[in-house]
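Structure data (CSV, C-alpha atoms) from my_file-v3.csv:
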chain,number,residue,atom,x,y,z
F,1,GLU,CA,0.0,0.0,0.0
F,2,ALA,CA,1.3,3.4,-1.0
F,3,GLN,CA,1.9,5.5,2.1
F,4,VAL,CA,3.8,8.1,4.0
F,5,THR,CA,4.6,7.0,7.5
F,6,GLN,CA,5.5,9.4,10.3
F,7,ASN,CA,6.8,8.6,13.8
F,8,PRO,CA,6.1,9.3,16.5
F,9,ARG,CA,2.4,10.1,16.1
F,10,TYR,CA,2.3,11.8,19.5
F,11,LEU,CA,5.1,13.2,21.6
F,12,ILE,CA,5.3,15.3,24.7
F,13,THR,CA,8.7,16.6,25.4
F,14,VAL,CA,10.5,19.4,27.3
F,15,THR,CA,12.2,22.6,26.1
F,16,GLY,CA,15.6,22.0,24.8
F,17,LYS,CA,15.5,18.2,24.4
F,18,LYS,CA,16.5,17.4,20.9
F,19,LEU,CA,14.0,15.3,19.0
F,20,THR,CA,13.6,13.9,15.5
F,21,VAL,CA,10.3,13.2,13.7
F,22,THR,CA,10.8,10.6,11.0
F,23,CYS,CA,9.1,10.4,7.7
F,24,SER,CA,9.3,7.6,5.2
F,25,GLN,CA,7.5,7.0,1.9
F,26,ASN,CA,7.3,3.9,-0.2
F,27,MET,CA,6.4,5.4,-3.5
F,28,ASN,CA,9.8,6.3,-4.8
F,29,HIS,CA,8.8,10.0,-4.8
F,30,GLU,CA,11.4,12.6,-5.5
F,31,TYR,CA,9.7,15.4,-3.7
F,32,MET,CA,9.1,15.5,0.1
F,33,SER,CA,8.0,18.3,2.4
F,34,TRP,CA,7.2,19.1,6.0
F,35,TYR,CA,4.3,21.3,7.1
F,36,ARG,CA,3.0,22.4,10.5
F,37,GLN,CA,-0.6,23.2,11.2
F,38,ASP,CA,-1.7,25.5,13.9
F,39,PRO,CA,-5.2,26.8,14.7
F,40,GLY,CA,-6.1,29.9,12.7
F,41,LEU,CA,-2.8,29.7,10.7
F,42,GLY,CA,-3.5,26.8,8.4
F,43,LEU,CA,-0.8,24.6,7.0
F,44,ARG,CA,2.6,26.2,6.6
F,45,GLN,CA,5.5,24.7,4.9
F,46,ILE,CA,8.7,24.2,7.0
F,47,TYR,CA,11.2,22.6,4.6
F,48,TYR,CA,11.0,20.7,1.3
F,49,SER,CA,13.3,18.5,-0.7
F,50,MET,CA,13.3,18.1,-4.4
F,51,ASN,CA,15.5,15.0,-4.3
F,52,VAL,CA,18.3,13.3,-2.4
F,53,GLU,CA,20.7,15.8,-0.9
F,54,VAL,CA,18.6,18.7,-2.2
F,55,THR,CA,16.7,20.6,0.5
F,56,ASP,CA,15.3,24.2,0.8
F,57,LYS,CA,13.5,26.4,3.3
F,58,GLY,CA,9.8,26.8,3.2
F,59,ASP,CA,7.8,29.6,4.9
F,60,VAL,CA,8.7,28.8,8.6
F,61,PRO,CA,12.1,27.1,8.8
F,62,GLU,CA,13.3,28.7,12.0
F,63,GLY,CA,14.2,26.2,14.7
F,64,TYR,CA,14.1,23.2,12.4
F,65,LYS,CA,16.6,21.1,10.4
F,66,VAL,CA,16.1,18.4,7.8
F,67,SER,CA,18.2,16.0,5.9
F,68,ARG,CA,17.6,13.9,2.8
F,69,LYS,CA,20.3,11.2,2.6
F,70,GLU,CA,18.0,8.6,1.1
F,71,LYS,CA,15.1,9.0,-1.3
F,72,ARG,CA,12.5,7.4,1.0
F,73,ASN,CA,13.3,9.3,4.2
F,74,PHE,CA,13.0,12.9,5.2
F,75,PRO,CA,13.5,13.4,9.0
F,76,LEU,CA,12.6,16.7,10.7
F,77,ILE,CA,15.0,17.6,13.5
F,78,LEU,CA,14.2,20.0,16.3
F,79,GLU,CA,17.7,20.7,17.9
F,80,SER,CA,16.3,22.6,20.8
F,81,PRO,CA,12.5,22.5,20.9
F,82,SER,CA,10.6,25.4,22.3
F,83,PRO,CA,6.9,25.7,23.4
F,84,ASN,CA,6.1,27.7,20.2
F,85,GLN,CA,6.9,24.5,18.2
F,86,THR,CA,4.0,22.8,19.8
F,87,SER,CA,2.0,21.9,16.7
F,88,LEU,CA,0.6,19.2,14.4
F,89,TYR,CA,3.2,18.2,11.8
F,90,PHE,CA,2.6,16.6,8.5
F,91,CYS,CA,5.1,15.1,6.0
F,92,ALA,CA,4.1,14.9,2.4
F,93,SER,CA,5.6,13.5,-0.8
F,94,SER,CA,5.0,13.6,-4.5
F,95,ARG,CA,6.6,12.3,-7.7
F,96,GLN,CA,8.6,14.8,-9.8
F,97,GLY,CA,6.3,16.5,-12.3
F,98,ALA,CA,3.1,15.6,-10.4
F,99,GLY,CA,2.6,19.2,-9.6
F,100,GLY,CA,0.3,19.6,-6.6
F,101,GLU,CA,-0.7,16.0,-6.1
F,102,LEU,CA,0.7,15.4,-2.7
F,103,PHE,CA,0.5,12.4,-0.5
F,104,PHE,CA,0.4,13.2,3.2
F,105,GLY,CA,1.3,11.3,6.3
F,106,GLU,CA,-1.1,10.9,9.2
F,107,GLY,CA,0.5,13.6,11.3
F,108,SER,CA,2.6,13.9,14.4
F,109,ARG,CA,1.2,15.9,17.3
F,110,LEU,CA,4.1,17.4,19.2
F,111,THR,CA,3.8,19.2,22.6
F,112,VAL,CA,6.8,21.0,24.0
F,113,LEU,CA,6.5,21.9,27.7
D,114,ASP,CA,0.1,31.8,-6.6
D,115,ALA,CA,-3.4,33.1,-7.1
D,116,LYS,CA,-5.4,33.8,-4.0
D,117,THR,CA,-8.5,31.6,-3.6
D,118,THR,CA,-11.7,32.5,-1.7
D,119,GLN,CA,-14.0,29.9,-0.2
D,120,PRO,CA,-17.0,30.1,2.2
D,121,THR,CA,-16.0,29.3,5.7
D,122,SER,CA,-18.6,26.6,6.2
D,123,MET,CA,-21.4,24.7,4.5
D,124,ASP,CA,-23.9,22.0,5.4
D,125,CYS,CA,-25.3,19.3,3.2
D,126,ALA,CA,-27.8,16.6,3.7
D,127,GLU,CA,-26.6,13.0,3.5
D,128,GLY,CA,-27.2,11.5,0.1
D,129,ARG,CA,-27.5,14.8,-1.6
D,130,ALA,CA,-24.9,16.5,-3.8
D,131,ALA,CA,-22.4,18.8,-2.0
D,132,ASN,CA,-21.4,21.7,-4.2
D,133,LEU,CA,-18.4,23.6,-2.8
D,134,PRO,CA,-17.5,26.9,-4.6
D,135,CYS,CA,-14.2,28.5,-4.9
D,136,ASN,CA,-13.3,31.9,-6.3
D,137,HIS,CA,-9.9,32.4,-8.0
D,138,SER,CA,-10.4,35.5,-10.1
D,139,THR,CA,-6.7,36.3,-10.4
D,140,ILE,CA,-5.6,32.8,-11.5
D,141,SER,CA,-3.0,32.8,-14.2
D,142,GLY,CA,-2.9,30.8,-17.3
D,143,ASN,CA,-0.4,28.2,-16.1
D,144,GLU,CA,-2.1,27.6,-12.7
D,145,TYR,CA,-4.2,24.6,-12.0
D,146,VAL,CA,-7.0,24.3,-9.5
D,147,TYR,CA,-6.4,21.7,-6.8
D,148,TRP,CA,-8.8,20.4,-4.2
D,149,TYR,CA,-7.8,18.6,-1.0
D,150,ARG,CA,-9.8,17.7,2.0
D,151,GLN,CA,-8.8,17.1,5.6
D,152,ILE,CA,-10.9,15.0,7.9
D,153,HIS,CA,-10.6,16.1,11.5
D,154,SER,CA,-6.8,16.2,12.2
D,155,GLN,CA,-5.7,13.6,9.6
D,156,GLY,CA,-3.3,14.4,6.8
D,157,PRO,CA,-4.9,16.3,3.9
D,158,GLN,CA,-6.1,14.1,1.1
D,159,TYR,CA,-5.8,15.0,-2.6
D,160,ILE,CA,-9.2,14.9,-4.4
D,161,ILE,CA,-8.9,16.3,-7.9
D,162,HIS,CA,-7.3,19.0,-10.0
D,163,GLY,CA,-7.9,20.6,-13.4
D,164,LEU,CA,-6.8,23.4,-15.7
D,165,LYS,CA,-9.8,24.4,-17.7
D,166,ASN,CA,-11.8,21.3,-18.6
D,167,ASN,CA,-14.2,19.7,-16.2
D,168,GLU,CA,-12.7,16.7,-14.5
D,169,THR,CA,-14.2,13.7,-12.8
D,170,ASN,CA,-12.8,10.9,-10.8
D,171,GLU,CA,-14.0,8.3,-8.3
D,172,MET,CA,-14.2,10.8,-5.5
D,173,ALA,CA,-15.6,14.0,-7.1
D,174,SER,CA,-16.2,16.2,-10.1
D,175,LEU,CA,-14.6,19.6,-10.7
D,176,ILE,CA,-16.4,22.2,-12.8
D,177,ILE,CA,-14.3,25.2,-13.8
D,178,THR,CA,-16.0,28.2,-15.4
D,179,GLU,CA,-15.0,29.2,-18.9
D,180,ASP,CA,-13.2,32.3,-17.7
D,181,ARG,CA,-11.4,30.2,-15.0
D,182,LYS,CA,-12.3,32.7,-12.3
D,183,SER,CA,-14.2,30.2,-10.2
D,184,SER,CA,-14.8,26.5,-9.8
D,185,THR,CA,-17.0,24.1,-8.0
D,186,LEU,CA,-16.2,20.8,-6.4
D,187,ILE,CA,-19.1,18.4,-6.5
D,188,LEU,CA,-19.4,15.4,-4.2
D,189,PRO,CA,-22.4,13.7,-6.0
D,190,HIS,CA,-23.8,11.7,-3.0
D,191,ALA,CA,-22.4,13.1,0.2
D,192,THR,CA,-22.0,10.7,3.2
D,193,LEU,CA,-21.2,11.4,6.8
D,194,ARG,CA,-17.6,10.5,6.1
D,195,ASP,CA,-17.3,13.4,3.7
D,196,THR,CA,-17.5,15.8,6.7
D,197,ALA,CA,-14.2,17.6,6.4
D,198,VAL,CA,-12.4,20.9,5.6
D,199,TYR,CA,-12.1,21.3,1.9
D,200,TYR,CA,-9.2,23.3,0.5
D,201,CYS,CA,-9.2,24.9,-3.0
D,202,ILE,CA,-5.7,25.8,-4.2
D,203,ALA,CA,-4.4,27.5,-7.3
D,204,SER,CA,-0.9,26.4,-8.3
D,205,PRO,CA,1.3,25.7,-11.3
D,206,SER,CA,1.3,22.0,-12.2
D,207,SER,CA,4.7,21.9,-13.8
D,208,GLY,CA,7.6,20.9,-11.6
D,209,SER,CA,6.8,20.0,-8.0
D,210,ALA,CA,4.3,20.7,-5.3
D,211,ARG,CA,6.5,23.2,-3.4
D,212,GLN,CA,4.2,26.1,-4.2
D,213,LEU,CA,1.0,24.7,-2.7
D,214,THR,CA,-0.4,27.2,-0.2
D,215,PHE,CA,-3.3,25.9,2.0
D,216,GLY,CA,-5.7,28.6,3.1
D,217,SER,CA,-8.6,28.3,5.6
D,218,GLY,CA,-10.8,26.1,3.4
D,219,THR,CA,-14.5,25.3,3.8
D,220,GLN,CA,-15.8,23.2,6.6
D,221,LEU,CA,-18.4,20.9,5.1
D,222,THR,CA,-20.7,19.2,7.5
D,223,VAL,CA,-22.8,16.4,6.1
D,224,LEU,CA,-26.0,16.1,8.2
D,225,PRO,CA,-27.9,12.8,8.7

Could you express the structure from this file as structure tokens?
Amino acid sequence: EAQVTQNPRYLITVTGKKLTVTCSQNMNHEYMSWYRQDPGLGLRQIYYSMNVEVTDKGDVPEGYKVSRKEKRNFPLILESPSPNQTSLYFCASSRQGAGGELFFGEGSRLTVL
Amino acid sequence: DAKTTQPTSMDCAEGRAANLPCNHSTISGNEYVYWYRQIHSQGPQYIIHGLKNNETNEMASLIITEDRKSSTLILPHATLRDTAVYYCIASPSSGSARQLTFGSGTQLTVLP
């Protein structure tokens, strides 16, 4: 089954404790992206990657890092989480040339105390 | 990307057609109209997209006006499981999806 898998789905952590949210897709998609969703602000793009070793900032990259060492994986790293990074995070992927046809993961709800 | 305008919320009776409008009066010639939906806090789900011709798939139909300034997503026989936020997005189709901008969408509530 074609899917985008995120882990963990739920996490409560404390300020400053580094964490990584993993994202993996099994569709051999070139493009991957991370979004965060907050009430009243909609979905905002954090980072995206056009292919292996190619990443770029989205609209709200501050406080986040990403890497794309393999085509299927695109982890989101919070080096020193802060309470304003409490949010619902989504990973998405698409094949090159598919335009706006994105496949989304189920989401990761992160709470930073 | 062109700005899109959607009603904040709509209701529809179960079994009836749900018609969700979207205004995109500043859409440019190379921009497609995409529709997604998000059920509760799940990941958004792609529904359909089109450029200027009407499109239909197993989920929905998309009607785009001749001047391309507006469109309507039609769910032909709405069910309770279609209750969701529906997003209309205008974006170029060439290349990748990095330019997708999700707005506030329309909260569709299907009533029993």

Which residues are close to F:Leu110, i.e. within 9 Å by only C-alpha atoms, leaving aside same-chain residues fewer than 5 positions away? Reply as a PDB file with C-alpha atoms, in the coordinates of the input.
ATOM      1  CA  PRO F   8       6.100   9.300  16.500  1.00  0.00           C
ATOM      2  CA  ARG F   9       2.400  10.100  16.100  1.00  0.00           C
ATOM      3  CA  TYR F  10       2.300  11.800  19.500  1.00  0.00           C
ATOM      4  CA  LEU F  11       5.100  13.200  21.600  1.00  0.00           C
ATOM      5  CA  ILE F  12       5.300  15.300  24.700  1.00  0.00           C
ATOM      6  CA  THR F  13       8.700  16.600  25.400  1.00  0.00           C
ATOM      7  CA  GLN F  85       6.900  24.500  18.200  1.00  0.00           C
ATOM      8  CA  THR F  86       4.000  22.800  19.800  1.00  0.00           C
ATOM      9  CA  SER F  87       2.000  21.900  16.700  1.00  0.00           C
ATOM     10  CA  LEU F  88       0.600  19.200  14.400  1.00  0.00           C
ATOM     11  CA  TYR F  89       3.200  18.200  11.800  1.00  0.00           C
TER      12      TYR F  89
END

(request) Write out as an MDAnalysis selection string each polymer residue whose atoms come within 6 Å of stretch 21-26 of chain F, counting all atoms listed in the file; drop sequence neighbours fewer than 6 positions from it. (result) chainID F and resid 3:7 72:76

Restrict the distance test to all atoms listed in the file, flag each residue of chain F within 10 Å of chain D, and return the flagged residues as a short mmCIF file (atom, residue, chain, number, x, y, z; two decimals) with C-alpha atoms, keeping the file's coordinate frame.
data_model
loop_
_atom_site.label_atom_id
_atom_site.label_comp_id
_atom_site.auth_asym_id
_atom_site.auth_seq_id
_atom_site.Cartn_x
_atom_site.Cartn_y
_atom_site.Cartn_z
CA VAL F 4 3.80 8.10 4.00
CA GLU F 30 11.40 12.60 -5.50
CA TYR F 31 9.70 15.40 -3.70
CA MET F 32 9.10 15.50 0.10
CA SER F 33 8.00 18.30 2.40
CA GLN F 37 -0.60 23.20 11.20
CA PRO F 39 -5.20 26.80 14.70
CA GLY F 40 -6.10 29.90 12.70
CA LEU F 41 -2.80 29.70 10.70
CA GLY F 42 -3.50 26.80 8.40
CA LEU F 43 -0.80 24.60 7.00
CA ARG F 44 2.60 26.20 6.60
CA GLN F 45 5.50 24.70 4.90
CA TYR F 47 11.20 22.60 4.60
CA TYR F 48 11.00 20.70 1.30
CA SER F 49 13.30 18.50 -0.70
CA MET F 50 13.30 18.10 -4.40
CA ASP F 56 15.30 24.20 0.80
CA GLY F 58 9.80 26.80 3.20
CA ASP F 59 7.80 29.60 4.90
CA LEU F 88 0.60 19.20 14.40
CA TYR F 89 3.20 18.20 11.80
CA PHE F 90 2.60 16.60 8.50
CA CYS F 91 5.10 15.10 6.00
CA ALA F 92 4.10 14.90 2.40
CA SER F 93 5.60 13.50 -0.80
CA SER F 94 5.00 13.60 -4.50
CA ARG F 95 6.60 12.30 -7.70
CA GLN F 96 8.60 14.80 -9.80
CA GLY F 97 6.30 16.50 -12.30
CA ALA F 98 3.10 15.60 -10.40
CA GLY F 99 2.60 19.20 -9.60
CA GLY F 100 0.30 19.60 -6.60
CA GLU F 101 -0.70 16.00 -6.10
CA LEU F 102 0.70 15.40 -2.70
CA PHE F 103 0.50 12.40 -0.50
CA PHE F 104 0.40 13.20 3.20
CA GLY F 105 1.30 11.30 6.30
CA GLU F 106 -1.10 10.90 9.20
CA GLY F 107 0.50 13.60 11.30
CA SER F 108 2.60 13.90 14.40
CA ARG F 109 1.20 15.90 17.30
#

(message) I want to know what sits within 10 Å of D:Lys165, based on only C-alpha atoms, with residues of the same chain fewer than 6 positions away left out; could you give that as a ChimeraX atom specification?
(response) /D:142,144-146,175-181,184

(message) Can you tell me which residues surround D:Gln119 at a distance of at most 9 Å, considering all atoms listed in the file, apart from same-chain residues fewer than 4 positions away, and format the answer as a VMD selection string?
(response) chain D and resid 133 to 136 200 to 201 217 to 219

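Within 9 Å of stretch 53-55 of chain F, once all atoms listed in the file are used and residues closer than 6 positions along the same chain are dropped, the contacting residues are Tyr47, Val66, Ser67, Arg68, Lys69, Glu70 and Lys71 of chain F.
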
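Of the residues under consideration (F:Val52, F:Glu1, F:Ile77, F:Ile46), F:Glu1 shows the shortest atom-to-atom contact distance to F:Met27 when counting all atoms listed in the file.
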